[in-house]
Each structure stands twice: as structure tokens, then as C-alpha cells.
file query_35.cif (mmCIF, C-alpha atoms)
data_run
loop_
_atom_site.label_atom_id
_atom_site.label_comp_id
_atom_site.auth_asym_id
_atom_site.auth_seq_id
_atom_site.Cartn_x
_atom_site.Cartn_y
_atom_site.Cartn_z
CA GLN A 8 156.72 353.81 21.19
CA VAL A 9 153.43 353.24 19.44
CA GLU A 10 153.27 351.58 16.04
CA LEU A 11 152.07 353.88 13.25
CA VAL A 12 150.64 352.29 10.11
CA GLU A 13 150.89 354.32 6.93
CA SER A 14 149.10 353.91 3.62
CA GLY A 15 148.37 355.82 0.43
CA GLY A 16 151.67 356.43 -1.29
CA GLY A 17 152.23 355.73 -4.96
CA LEU A 18 152.97 357.07 -8.42
CA VAL A 19 151.06 360.03 -9.84
CA GLN A 20 151.48 362.45 -12.71
CA ALA A 21 152.29 366.08 -12.08
CA GLY A 22 149.14 367.98 -11.22
CA GLY A 23 147.52 364.93 -9.68
CA SER A 24 146.50 364.18 -6.11
CA LEU A 25 147.27 361.62 -3.42
CA THR A 26 146.14 361.16 0.15
CA LEU A 27 148.43 359.71 2.79
CA SER A 28 146.96 358.10 5.91
CA CYS A 29 148.55 357.12 9.19
CA ALA A 30 146.88 355.43 12.14
CA ALA A 31 148.24 354.64 15.58
CA ALA A 32 147.92 351.01 16.68
CA ALA A 33 147.29 352.03 20.29
CA VAL A 34 145.87 354.94 22.21
CA ILE A 35 148.19 357.94 22.51
CA SER A 36 147.59 360.17 25.49
CA ARG A 37 146.75 363.72 24.58
CA PRO A 38 148.00 366.33 24.09
CA TYR A 39 150.06 365.40 21.07
CA THR A 40 151.25 366.85 17.81
CA ARG A 41 150.80 365.00 14.53
CA ALA A 42 153.04 365.70 11.57
CA TRP A 43 154.24 364.60 8.16
CA TYR A 44 157.89 364.73 7.16
CA ARG A 45 159.55 363.82 3.88
CA GLN A 46 163.03 362.80 2.84
CA VAL A 47 164.88 362.41 -0.43
CA PRO A 48 168.18 360.54 -0.74
CA GLY A 49 171.14 362.60 0.40
CA LYS A 50 169.04 365.24 2.14
CA GLN A 51 167.79 365.76 5.66
CA ARG A 52 164.26 364.83 6.59
CA GLU A 53 162.11 367.96 6.40
CA LEU A 54 158.88 368.86 8.12
CA VAL A 55 156.05 369.15 5.60
CA ALA A 56 153.09 369.89 7.86
CA SER A 57 152.08 369.58 11.48
CA LEU A 58 148.84 369.67 13.43
CA THR A 59 148.65 370.45 17.13
CA ASP A 60 146.00 369.19 19.50
CA ASP A 61 144.21 372.56 19.44
CA GLY A 62 143.85 372.38 15.67
CA THR A 63 146.70 374.67 14.68
CA SER A 64 148.41 373.61 11.47
CA ILE A 65 151.62 374.78 9.87
CA TYR A 66 153.10 374.01 6.47
CA VAL A 67 156.46 374.34 4.80
CA ASP A 68 156.29 377.17 2.26
CA SER A 69 156.70 374.87 -0.73
CA VAL A 70 153.40 373.05 -0.06
CA LYS A 71 151.21 375.89 1.19
CA GLY A 72 147.94 376.02 -0.69
CA ARG A 73 148.46 372.51 -2.12
CA PHE A 74 148.63 370.18 0.89
CA THR A 75 146.18 369.84 3.78
CA ILE A 76 146.84 368.05 7.06
CA SER A 77 143.98 366.70 9.15
CA GLY A 78 143.41 364.18 11.89
CA ASP A 79 140.96 361.95 13.73
CA ASN A 80 141.07 360.86 17.35
CA HIS A 81 139.36 357.48 17.30
CA PRO A 82 141.78 355.96 16.47
CA SER A 83 144.52 358.55 16.57
CA SER A 84 145.15 359.25 12.91
CA VAL A 85 146.67 361.84 10.64
CA PHE A 86 146.08 362.45 6.94
CA LEU A 87 147.84 364.46 4.27
CA GLN A 88 145.81 365.50 1.25
CA MET A 89 148.26 366.41 -1.51
CA ASP A 90 146.92 368.27 -4.54
CA SER A 91 148.62 369.86 -7.53
CA LEU A 92 151.59 367.57 -7.00
CA LYS A 93 154.94 368.51 -8.52
CA PRO A 94 157.95 366.35 -9.39
CA GLU A 95 159.86 368.04 -6.56
CA ASP A 96 157.34 366.54 -4.11
CA THR A 97 158.83 363.13 -4.85
CA ALA A 98 160.12 361.70 -1.56
CA VAL A 99 159.50 359.16 1.16
CA TYR A 100 156.86 360.58 3.50
CA TYR A 101 156.83 359.73 7.21
CA CYS A 102 154.11 360.36 9.75
CA ASN A 103 155.04 361.36 13.28
CA PHE A 104 153.17 361.53 16.58
CA LYS A 105 154.78 363.32 19.52
CA SER A 106 153.28 363.56 22.98
CA LEU A 107 154.68 364.38 26.39
CA THR A 108 155.86 360.80 26.83
CA ILE A 109 156.38 359.21 23.42
CA GLU A 110 157.47 359.96 19.88
CA SER A 111 156.71 357.52 17.10
CA TRP A 112 157.41 357.36 13.37
CA GLY A 113 155.74 355.54 10.55
CA ARG A 114 157.83 353.34 8.27
CA GLY A 115 157.53 355.69 5.32
CA SER A 116 155.48 355.85 2.13
CA GLN A 117 157.05 356.47 -1.26
CA VAL A 118 155.43 359.25 -3.27
CA THR A 119 156.66 359.62 -6.84
CA VAL A 120 155.44 362.42 -9.08
CA SER A 121 156.24 362.07 -12.77
CA SER A 122 156.61 365.06 -15.06
#

call {"tool": "encode", "arguments": {"input": "query_35.cif", "output": "C-alpha cells"}}
result
Amino acid sequence: QVELVESGGGLVQAGGSLTLSCAAAAVISRPYTRAWYRQVPGKQRELVASLTDDGTSIYVDSVKGRFTISGDNHPSSVFLQMDSLKPEDTAVYYCNFKSLTIESWGRGSQVTVSS
């Protein structure tokens, strides 16, 4: 386990933007996949976007064209740029790093989009 420190959540009006950040507190051996998940009460945690070590990214259909995942390697970090936010994007967002030997989760960042 490696501690992941998240920041950037908050309250925004529909149509607005937020950027989530997540940094690992220690070095994570590559290769690894970085991802963002989200969860609303009473529902399963869903994958929002992921970024593999070779730069391949995937997105859930509901955020395609609005969200962008990116990452840095020094330190190991992952970001989620969220544009054109909708009320249905309201959730707790979790970052995730998964390598051959470890999987770590951030503590979660609340994102609330008002209509």
C-alpha cells in the first residue's frame, strides 16, 4: 500500500469545471495504471477514467468529451480535468494506482454539481 493524497473537490454550478489531483506519497514501481472512480450513496463504485503506463486512456461513456485524465511521474500523480459538469456527476471521486505488486486508493474527494 502507498498513501495517495487527493485534492481539488468542491461545489460547482452546472457547466463549470473542476480539477482533481492525486499524488502518491512514495515511489510506485512501473508499470502501473492510474484511474479515477466515483461513487454515489447506494450505488457501486464506477470507473470514470483510466490511464495506462503507455499513455492509453479510457473513459466511461457519460464523461467522454468532458473529462480528461492525465498523469505525472515525479512524483507519481494523476489528474482529472472535469469540464461541462452536470448534476449527475455529483459523487465522491477516488483515485487508484494499480501495479504488479500494489493497489492503493485515495480517501475520496466530494464533487457536488448544483443545477

call {"tool": "resolve_selection", "arguments": {"input": "query_35.cif", "expression": "the PyMOL selection byres ((chain A and resi 53) around 10)", "output": "JSON, numbers by chain"}}
result
{"A": [43, 44, 45, 46, 47, 50, 51, 52, 54, 55, 56, 67, 100, 101]}

call {"tool": "closest_residue", "arguments": {"input": "query_35.cif", "among": "A:Pro82, A:Gly72, A:Gly15, A:Gly62", "to": "Ile35 of chain A", "atoms": "only C-alpha atoms"}}
result
A:Pro82

call {"tool": "residues_near_point", "arguments": {"input": "query_35.cif", "point": "(151.7, 366.8, 16.9)", "cutoff": "8 Å", "atoms": "all atoms listed in the file", "output": "VMD selection string"}}
result
chain A and resid 39 to 42 57 to 60 103 to 106

call {"tool": "closest_residue", "arguments": {"input": "query_35.cif", "among": "A:Val70, A:Val120, A:Ala98, A:Ile76", "to": "Ser24 of chain A", "atoms": "all atoms listed in the file"}}
result
A:Val120

call {"tool": "residues_around", "arguments": {"input": "query_35.cif", "residues": "segment 84-96 of chain A", "least_positions_apart": "5", "cutoff": "6 Å", "atoms": "only C-alpha atoms", "output": "PyMOL selection string"}}
result
chain A and resi 21-30+73-79+120-122

call {"tool": "atom_distance", "arguments": {"input": "query_35.cif", "atom1": "atom CA of Val118 of chain A", "atom2": "atom CA of Asp68 of chain A"}}
result
18.8 Å

call {"tool": "atom_distance", "arguments": {"input": "query_35.cif", "atom1": "atom CA of Ser14 of chain A", "atom2": "atom CA of Thr63 of chain A"}}
result
23.6 Å

call {"tool": "resolve_selection", "arguments": {"input": "query_35.cif", "expression": "the PyMOL selection byres ((chain A and resi 31) around 6)", "output": "ChimeraX atom specification"}}
result
/A:10-11,30,32-33,83

call {"tool": "atom_distance", "arguments": {"input": "query_35.cif", "atom1": "atom CA of Ile109 of chain A", "atom2": "atom CA of Ser64 of chain A"}}
result
20.3 Å

call {"tool": "closest_residue", "arguments": {"input": "query_35.cif", "among": "A:Ser69, A:Val99, A:Val19, A:Val34", "to": "Ser116 of chain A", "atoms": "only C-alpha atoms"}}
result
A:Val99

call {"tool": "closest_residue", "arguments": {"input": "query_35.cif", "among": "A:Gly16, A:Arg114, A:Tyr66, A:Ser36", "to": "Thr97 of chain A", "atoms": "all atoms listed in the file"}}
result
A:Gly16

call {"tool": "decode", "arguments": {"input": "query_35.cif", "residues": "segment 51-86 of chain A", "atoms": "N, CA and C atoms", "output": "PDB file, in the first residue's frame"}}
result
ATOM      1  N   GLN A  51     -22.814   1.153  -6.721  1.00  0.00           N
ATOM      2  CA  GLN A  51     -21.456   0.633  -6.770  1.00  0.00           C
ATOM      3  C   GLN A  51     -20.497   1.709  -7.270  1.00  0.00           C
ATOM      4  N   ARG A  52     -19.264   1.577  -6.838  1.00  0.00           N
ATOM      5  CA  ARG A  52     -18.210   2.467  -7.331  1.00  0.00           C
ATOM      6  C   ARG A  52     -17.997   2.175  -8.818  1.00  0.00           C
ATOM      7  N   GLU A  53     -17.954   3.229  -9.635  1.00  0.00           N
ATOM      8  CA  GLU A  53     -17.782   3.029 -11.064  1.00  0.00           C
ATOM      9  C   GLU A  53     -16.485   3.667 -11.557  1.00  0.00           C
ATOM     10  N   LEU A  54     -15.895   3.016 -12.530  1.00  0.00           N
ATOM     11  CA  LEU A  54     -14.694   3.558 -13.166  1.00  0.00           C
ATOM     12  C   LEU A  54     -15.083   4.751 -14.044  1.00  0.00           C
ATOM     13  N   VAL A  55     -14.420   5.866 -13.831  1.00  0.00           N
ATOM     14  CA  VAL A  55     -14.658   7.066 -14.630  1.00  0.00           C
ATOM     15  C   VAL A  55     -13.651   7.151 -15.769  1.00  0.00           C
ATOM     16  N   ALA A  56     -12.382   6.984 -15.451  1.00  0.00           N
ATOM     17  CA  ALA A  56     -11.331   7.089 -16.462  1.00  0.00           C
ATOM     18  C   ALA A  56     -10.093   6.370 -15.955  1.00  0.00           C
ATOM     19  N   SER A  57      -9.315   5.843 -16.888  1.00  0.00           N
ATOM     20  CA  SER A  57      -8.056   5.211 -16.507  1.00  0.00           C
ATOM     21  C   SER A  57      -6.973   5.568 -17.515  1.00  0.00           C
ATOM     22  N   LEU A  58      -5.735   5.468 -17.052  1.00  0.00           N
ATOM     23  CA  LEU A  58      -4.576   5.833 -17.862  1.00  0.00           C
ATOM     24  C   LEU A  58      -3.496   4.788 -17.639  1.00  0.00           C
ATOM     25  N   THR A  59      -3.137   4.081 -18.704  1.00  0.00           N
ATOM     26  CA  THR A  59      -2.098   3.064 -18.565  1.00  0.00           C
ATOM     27  C   THR A  59      -0.716   3.697 -18.717  1.00  0.00           C
ATOM     28  N   ASP A  60       0.290   2.898 -18.427  1.00  0.00           N
ATOM     29  CA  ASP A  60       1.662   3.406 -18.443  1.00  0.00           C
ATOM     30  C   ASP A  60       2.123   3.801 -19.847  1.00  0.00           C
ATOM     31  N   ASP A  61       1.480   3.224 -20.879  1.00  0.00           N
ATOM     32  CA  ASP A  61       1.869   3.573 -22.244  1.00  0.00           C
ATOM     33  C   ASP A  61       1.078   4.756 -22.783  1.00  0.00           C
ATOM     34  N   GLY A  62       0.268   5.365 -21.918  1.00  0.00           N
ATOM     35  CA  GLY A  62      -0.465   6.564 -22.307  1.00  0.00           C
ATOM     36  C   GLY A  62      -1.865   6.332 -22.822  1.00  0.00           C
ATOM     37  N   THR A  63      -2.313   5.090 -22.810  1.00  0.00           N
ATOM     38  CA  THR A  63      -3.671   4.798 -23.269  1.00  0.00           C
ATOM     39  C   THR A  63      -4.689   5.180 -22.210  1.00  0.00           C
ATOM     40  N   SER A  64      -5.703   5.926 -22.613  1.00  0.00           N
ATOM     41  CA  SER A  64      -6.748   6.334 -21.678  1.00  0.00           C
ATOM     42  C   SER A  64      -8.096   5.811 -22.147  1.00  0.00           C
ATOM     43  N   ILE A  65      -8.945   5.516 -21.184  1.00  0.00           N
ATOM     44  CA  ILE A  65     -10.315   5.125 -21.479  1.00  0.00           C
ATOM     45  C   ILE A  65     -11.247   5.904 -20.558  1.00  0.00           C
ATOM     46  N   TYR A  66     -12.467   6.099 -20.999  1.00  0.00           N
ATOM     47  CA  TYR A  66     -13.451   6.857 -20.248  1.00  0.00           C
ATOM     48  C   TYR A  66     -14.796   6.152 -20.273  1.00  0.00           C
ATOM     49  N   VAL A  67     -15.545   6.297 -19.197  1.00  0.00           N
ATOM     50  CA  VAL A  67     -16.924   5.844 -19.218  1.00  0.00           C
ATOM     51  C   VAL A  67     -17.688   6.749 -20.183  1.00  0.00           C
ATOM     52  N   ASP A  68     -18.679   6.193 -20.869  1.00  0.00           N
ATOM     53  CA  ASP A  68     -19.368   6.936 -21.932  1.00  0.00           C
ATOM     54  C   ASP A  68     -19.925   8.273 -21.446  1.00  0.00           C
ATOM     55  N   SER A  69     -20.398   8.305 -20.217  1.00  0.00           N
ATOM     56  CA  SER A  69     -21.077   9.501 -19.728  1.00  0.00           C
ATOM     57  C   SER A  69     -20.156  10.709 -19.558  1.00  0.00           C
ATOM     58  N   VAL A  70     -18.842  10.509 -19.574  1.00  0.00           N
ATOM     59  CA  VAL A  70     -17.924  11.640 -19.393  1.00  0.00           C
ATOM     60  C   VAL A  70     -17.066  11.898 -20.623  1.00  0.00           C
ATOM     61  N   LYS A  71     -17.200  11.093 -21.638  1.00  0.00           N
ATOM     62  CA  LYS A  71     -16.384  11.280 -22.847  1.00  0.00           C
ATOM     63  C   LYS A  71     -16.604  12.672 -23.436  1.00  0.00           C
ATOM     64  N   GLY A  72     -15.496  13.309 -23.770  1.00  0.00           N
ATOM     65  CA  GLY A  72     -15.565  14.650 -24.334  1.00  0.00           C
ATOM     66  C   GLY A  72     -15.635  15.751 -23.300  1.00  0.00           C
ATOM     67  N   ARG A  73     -15.829  15.382 -22.015  1.00  0.00           N
ATOM     68  CA  ARG A  73     -15.930  16.395 -20.949  1.00  0.00           C
ATOM     69  C   ARG A  73     -14.795  16.274 -19.934  1.00  0.00           C
ATOM     70  N   PHE A  74     -14.345  15.058 -19.673  1.00  0.00           N
ATOM     71  CA  PHE A  74     -13.301  14.810 -18.678  1.00  0.00           C
ATOM     72  C   PHE A  74     -12.007  14.399 -19.379  1.00  0.00           C
ATOM     73  N   THR A  75     -10.884  14.765 -18.780  1.00  0.00           N
ATOM     74  CA  THR A  75      -9.576  14.387 -19.301  1.00  0.00           C
ATOM     75  C   THR A  75      -8.687  13.902 -18.165  1.00  0.00           C
ATOM     76  N   ILE A  76      -8.153  12.690 -18.317  1.00  0.00           N
ATOM     77  CA  ILE A  76      -7.231  12.142 -17.323  1.00  0.00           C
ATOM     78  C   ILE A  76      -5.809  12.346 -17.804  1.00  0.00           C
ATOM     79  N   SER A  77      -4.921  12.682 -16.875  1.00  0.00           N
ATOM     80  CA  SER A  77      -3.511  12.850 -17.209  1.00  0.00           C
ATOM     81  C   SER A  77      -2.687  12.478 -15.987  1.00  0.00           C
ATOM     82  N   GLY A  78      -1.366  12.381 -16.197  1.00  0.00           N
ATOM     83  CA  GLY A  78      -0.528  11.980 -15.078  1.00  0.00           C
ATOM     84  C   GLY A  78       0.889  12.497 -15.196  1.00  0.00           C
ATOM     85  N   ASP A  79       1.568  12.578 -14.066  1.00  0.00           N
ATOM     86  CA  ASP A  79       2.994  12.870 -13.999  1.00  0.00           C
ATOM     87  C   ASP A  79       3.688  11.712 -13.307  1.00  0.00           C
ATOM     88  N   ASN A  80       5.003  11.634 -13.470  1.00  0.00           N
ATOM     89  CA  ASN A  80       5.739  10.520 -12.877  1.00  0.00           C
ATOM     90  C   ASN A  80       6.680  10.927 -11.748  1.00  0.00           C
ATOM     91  N   HIS A  81       6.857  12.207 -11.515  1.00  0.00           N
ATOM     92  CA  HIS A  81       7.782  12.637 -10.482  1.00  0.00           C
ATOM     93  C   HIS A  81       7.175  13.766  -9.660  1.00  0.00           C
ATOM     94  N   PRO A  82       6.360  13.505  -8.614  1.00  0.00           N
ATOM     95  CA  PRO A  82       6.026  12.159  -8.126  1.00  0.00           C
ATOM     96  C   PRO A  82       4.924  11.521  -8.956  1.00  0.00           C
ATOM     97  N   SER A  83       4.645  10.275  -8.691  1.00  0.00           N
ATOM     98  CA  SER A  83       3.557   9.596  -9.386  1.00  0.00           C
ATOM     99  C   SER A  83       2.249  10.288  -9.048  1.00  0.00           C
ATOM    100  N   SER A  84       1.604  10.834 -10.052  1.00  0.00           N
ATOM    101  CA  SER A  84       0.397  11.621  -9.847  1.00  0.00           C
ATOM    102  C   SER A  84      -0.609  11.315 -10.941  1.00  0.00           C
ATOM    103  N   VAL A  85      -1.859  11.629 -10.636  1.00  0.00           N
ATOM    104  CA  VAL A  85      -2.903  11.524 -11.643  1.00  0.00           C
ATOM    105  C   VAL A  85      -3.856  12.692 -11.439  1.00  0.00           C
ATOM    106  N   PHE A  86      -4.378  13.221 -12.543  1.00  0.00           N
ATOM    107  CA  PHE A  86      -5.264  14.372 -12.517  1.00  0.00           C
ATOM    108  C   PHE A  86      -6.525  14.053 -13.313  1.00  0.00           C
TER     109      PHE A  86
END
